[in-house]
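A.B. asks: Please read through the structure below; I'll follow up with questions.
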Amino acid sequence: MKHHLVLRVVAKLLIPSILLFALYTQFHGDYGPGGGFQAGVIYAAGFILHALVFGLESTKKIMPLWLLKILSALGVMVYAGTGLTSLLLGRPFLDYYALAEGVHGQELGIMLVELGVGFTVSSVMLILFYLFADQGTEE
Amino acid sequence: MVSLAISFLLGLMLLSVFAVIAMRNLFAAIILLGIYSLLAAALFMTLDAVDVAFTEAAVGAGISTILILATLLHVGHDTKAKKIIKPAPLLLVLAVGALLVYGTLDLPEFGNAQNRVHQSEITRHYLEKSPGKNGEIGIPNVVTSILASYRGYDTLGEVTVVFCAAIGVMSLLGGLRKKKKQTTVSNDSTTDSAS
């Protein structure tokens with residue numbers, strides 16, 4: 001689709017706003033609908049649009065597969081690490097009251113946990129897309 | 001009014017499912033499945049389940065449609081045009097469907113405020129004790145409080161499952177292999193991916 005001028009221009013306009021909306025969904029999940037899972041999927045969708053319009057190879061230059069593998073593991077680590085931190089601070093696993101005073105601990109804990117979910121979900125979705133769309137590697 | 005909208009959406013969903021079954025072109029069938037997911041998202045919206053609708057629209061209508069389309073690159077566009085109806089699978093499907101419908105008869109009445117879910121102690125606890133400045137969690141979206149805090153263990157398991165799915169797909173489709181190996185093997189399938 002590299003030769004479609006209209007598609008390229010519209011995609012260039014859309015991709016930043018999709019990524020921005022993903023970040024909004026990520027950090028506004030406490031107040032409105034959304035959260036790490038939805039944000040991760042939308043973030044991945046921005047990159048998938050880039051891959052569809054500009055070709056998979058150019059997307060792989062921006063977001064290589066090895067980086068996605070690290071990010072997907074990092075998300076689970078951030079989540080479990082939040083739990084372990086509260087464990088080390090002398091409270092039960094994933095008890096956010098350990099992280100800060102009162103309700104602020106809950107807010108901090110939820111933010112960290114959602115960040116972990118967002119990392120893992122967005123990178124896993126992109127890994128799946130890369131592997132399914134890449135005809136070279138699968139044979 | 002709401003029940004009218006719900007029946008309208010359910011009718012459209014039923015229509016799109018039958019269209020998927022009748023469709024011989026796989027590309028059109030996948031797009032119809034995406035429409036089905038979008039209708040499901042609209043249905044969740046009318047039921048005031050905004051978070052679920054959000055997820056359904058992003059995952060069901062967005063990502064999974066794209067992933068199935070990417071799979072289509074490998075398997076081709078058309079199914080074999082044979083329309084023989086086999087009696088045994090048809091009977092099995094009808095029997096299971098009838099059982100499922102029979103199962104729904106036992107569900108509580110739709111939209112009734114006296115239902116168990118609305119009356120239970122834990123629902124009241126979540127709705128009254130969790131939000132607000134002096135609440136247990138202190139953030140307004142109760143869905144997020146439940147998913148990320150009260151039920152944090154479940155969400156941790158969920159994230160791990162998503163991560164394992166990626167590992168599974170990588171081991172099946174060769175994402176774990178080193179890149180160098182495949183360039184030494186035959187080079188006749190030049191990479192013109194994602195055209």
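Following the order of the structure tokens, chains are lettered A, B, ..., residues in each are numbered from 1, and ligands are numbered from 1.
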Might you pull out every residue within 6 Å of segment 68-77 of chain B, with only C-alpha atoms counted and same-chain residues fewer than 6 positions away left off, and present them as a list in words?
C.D. replies: Phe132 and Ala133 of chain A; Leu26 of chain B
A.B. asks: Report as a PyMOL selection string all protein, DNA and RNA residues lying within 10 Å of Ser3 of chain B, evaluated on only C-alpha atoms, omitting residues in the same chain fewer than 3 positions from it.
C.D. replies: chain B and resi 6-9+46-47+110-111
A.B. asks: Please provide the set of residues having any atom within 10 Å of segment 9-16 of chain A, restricted to only C-alpha atoms, with same-chain residues fewer than 6 positions apart removed, written as a PyMOL selection string.
C.D. replies: chain A and resi 22+43+45-50+52-54
A.B. asks: If the cut-off is 6 Å, can you tell me the residues of chain A near chain B, counting only C-alpha atoms? I'd like them as a PyMOL selection string.
C.D. replies: chain A and resi 30-31+33-34+38+55-56+103+106+110+124+132-136+138
A.B. asks: Per DSSP on the backbone, what are the alpha helix (DSSP H) residues of chain A, as a PyMOL selection string?
C.D. replies: chain A and resi 5-27+36-54+56-62+65-88+103-133
A.B. asks: Need to verify the contact set: Leu65 of chain A, 10 Å, only C-alpha atoms, exclusion of same-chain residues closer than 2 positions in sequence. Can you return it as number ranges by chain?
C.D. replies: A: 60-63, 67-71, 123, 126-127, 130-131; B: 175
A.B. asks: May I have the residues from that selection written out with N, CA, C and O atoms, as a PDB file, in the first residue's frame?
C.D. replies:
```pdb
ATOM      1  N   LYS A  60       9.316  -2.727  11.658  1.00  0.00           N
ATOM      2  CA  LYS A  60      10.288  -3.509  12.438  1.00  0.00           C
ATOM      3  C   LYS A  60      11.535  -2.704  12.752  1.00  0.00           C
ATOM      4  O   LYS A  60      12.243  -2.999  13.705  1.00  0.00           O
ATOM      5  N   LYS A  61      11.813  -1.689  11.909  1.00  0.00           N
ATOM      6  CA  LYS A  61      12.961  -0.836  12.217  1.00  0.00           C
ATOM      7  C   LYS A  61      12.663   0.038  13.431  1.00  0.00           C
ATOM      8  O   LYS A  61      13.543   0.317  14.244  1.00  0.00           O
ATOM      9  N   ILE A  62      11.397   0.513  13.543  1.00  0.00           N
ATOM     10  CA  ILE A  62      11.027   1.338  14.693  1.00  0.00           C
ATOM     11  C   ILE A  62      10.904   0.478  15.947  1.00  0.00           C
ATOM     12  O   ILE A  62      11.370   0.849  17.018  1.00  0.00           O
ATOM     13  N   MET A  63      10.241  -0.645  15.801  1.00  0.00           N
ATOM     14  CA  MET A  63       9.909  -1.491  16.950  1.00  0.00           C
ATOM     15  C   MET A  63      10.347  -2.918  16.650  1.00  0.00           C
ATOM     16  O   MET A  63       9.557  -3.740  16.195  1.00  0.00           O
ATOM     17  N   LEU A  67      13.072  -6.166  20.931  1.00  0.00           N
ATOM     18  CA  LEU A  67      12.619  -5.204  21.934  1.00  0.00           C
ATOM     19  C   LEU A  67      11.253  -5.605  22.482  1.00  0.00           C
ATOM     20  O   LEU A  67      10.987  -5.509  23.692  1.00  0.00           O
ATOM     21  N   LEU A  68      10.375  -6.088  21.573  1.00  0.00           N
ATOM     22  CA  LEU A  68       9.040  -6.504  22.006  1.00  0.00           C
ATOM     23  C   LEU A  68       9.115  -7.677  22.962  1.00  0.00           C
ATOM     24  O   LEU A  68       8.354  -7.748  23.935  1.00  0.00           O
ATOM     25  N   LYS A  69      10.053  -8.616  22.679  1.00  0.00           N
ATOM     26  CA  LYS A  69      10.200  -9.762  23.580  1.00  0.00           C
ATOM     27  C   LYS A  69      10.581  -9.294  24.983  1.00  0.00           C
ATOM     28  O   LYS A  69      10.035  -9.763  25.986  1.00  0.00           O
ATOM     29  N   ILE A  70      11.511  -8.330  25.043  1.00  0.00           N
ATOM     30  CA  ILE A  70      11.933  -7.812  26.349  1.00  0.00           C
ATOM     31  C   ILE A  70      10.770  -7.107  27.041  1.00  0.00           C
ATOM     32  O   ILE A  70      10.502  -7.317  28.225  1.00  0.00           O
ATOM     33  N   LEU A  71      10.016  -6.267  26.256  1.00  0.00           N
ATOM     34  CA  LEU A  71       8.926  -5.494  26.852  1.00  0.00           C
ATOM     35  C   LEU A  71       7.821  -6.402  27.385  1.00  0.00           C
ATOM     36  O   LEU A  71       7.254  -6.131  28.446  1.00  0.00           O
ATOM     37  N   SER A 123       2.898  -5.339  23.656  1.00  0.00           N
ATOM     38  CA  SER A 123       3.983  -6.008  22.956  1.00  0.00           C
ATOM     39  C   SER A 123       3.566  -7.402  22.488  1.00  0.00           C
ATOM     40  O   SER A 123       3.962  -7.826  21.398  1.00  0.00           O
ATOM     41  N   LEU A 126       1.607  -7.067  19.305  1.00  0.00           N
ATOM     42  CA  LEU A 126       2.483  -6.771  18.167  1.00  0.00           C
ATOM     43  C   LEU A 126       3.301  -7.995  17.767  1.00  0.00           C
ATOM     44  O   LEU A 126       3.493  -8.240  16.567  1.00  0.00           O
ATOM     45  N   ILE A 127       3.753  -8.780  18.761  1.00  0.00           N
ATOM     46  CA  ILE A 127       4.488 -10.005  18.430  1.00  0.00           C
ATOM     47  C   ILE A 127       3.606 -10.930  17.604  1.00  0.00           C
ATOM     48  O   ILE A 127       4.020 -11.450  16.560  1.00  0.00           O
ATOM     49  N   TYR A 130       3.271  -9.497  14.090  1.00  0.00           N
ATOM     50  CA  TYR A 130       4.510  -9.672  13.325  1.00  0.00           C
ATOM     51  C   TYR A 130       4.621 -11.092  12.805  1.00  0.00           C
ATOM     52  O   TYR A 130       4.913 -11.330  11.642  1.00  0.00           O
ATOM     53  N   LEU A 131       4.384 -12.064  13.701  1.00  0.00           N
ATOM     54  CA  LEU A 131       4.620 -13.460  13.316  1.00  0.00           C
ATOM     55  C   LEU A 131       3.588 -13.932  12.310  1.00  0.00           C
ATOM     56  O   LEU A 131       3.914 -14.688  11.402  1.00  0.00           O
TER      57      LEU A 131
ATOM     58  N   GLY B 175       9.340 -17.613  15.957  1.00  0.00           N
ATOM     59  CA  GLY B 175       9.884 -16.341  16.414  1.00  0.00           C
ATOM     60  C   GLY B 175      11.057 -16.497  17.367  1.00  0.00           C
ATOM     61  O   GLY B 175      11.811 -15.561  17.583  1.00  0.00           O
TER      62      GLY B 175
END
```
A.B. asks: Tell me, as a PyMOL selection string, which residues lie within 8 Å of Tyr36 of chain B, counting only C-alpha atoms; anything in the same chain fewer than 6 positions away does not count.
C.D. replies: chain B and resi 13+16-17+61
A.B. asks: To one decimal place in Å, what is the distance between atom CA of Ile35 of chain B and atom CA of Phe27 of chain A?
C.D. replies: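 Value for the atom CA of Ile35 of chain B-atom CA of Phe27 of chain A distance: 28.6 Å.
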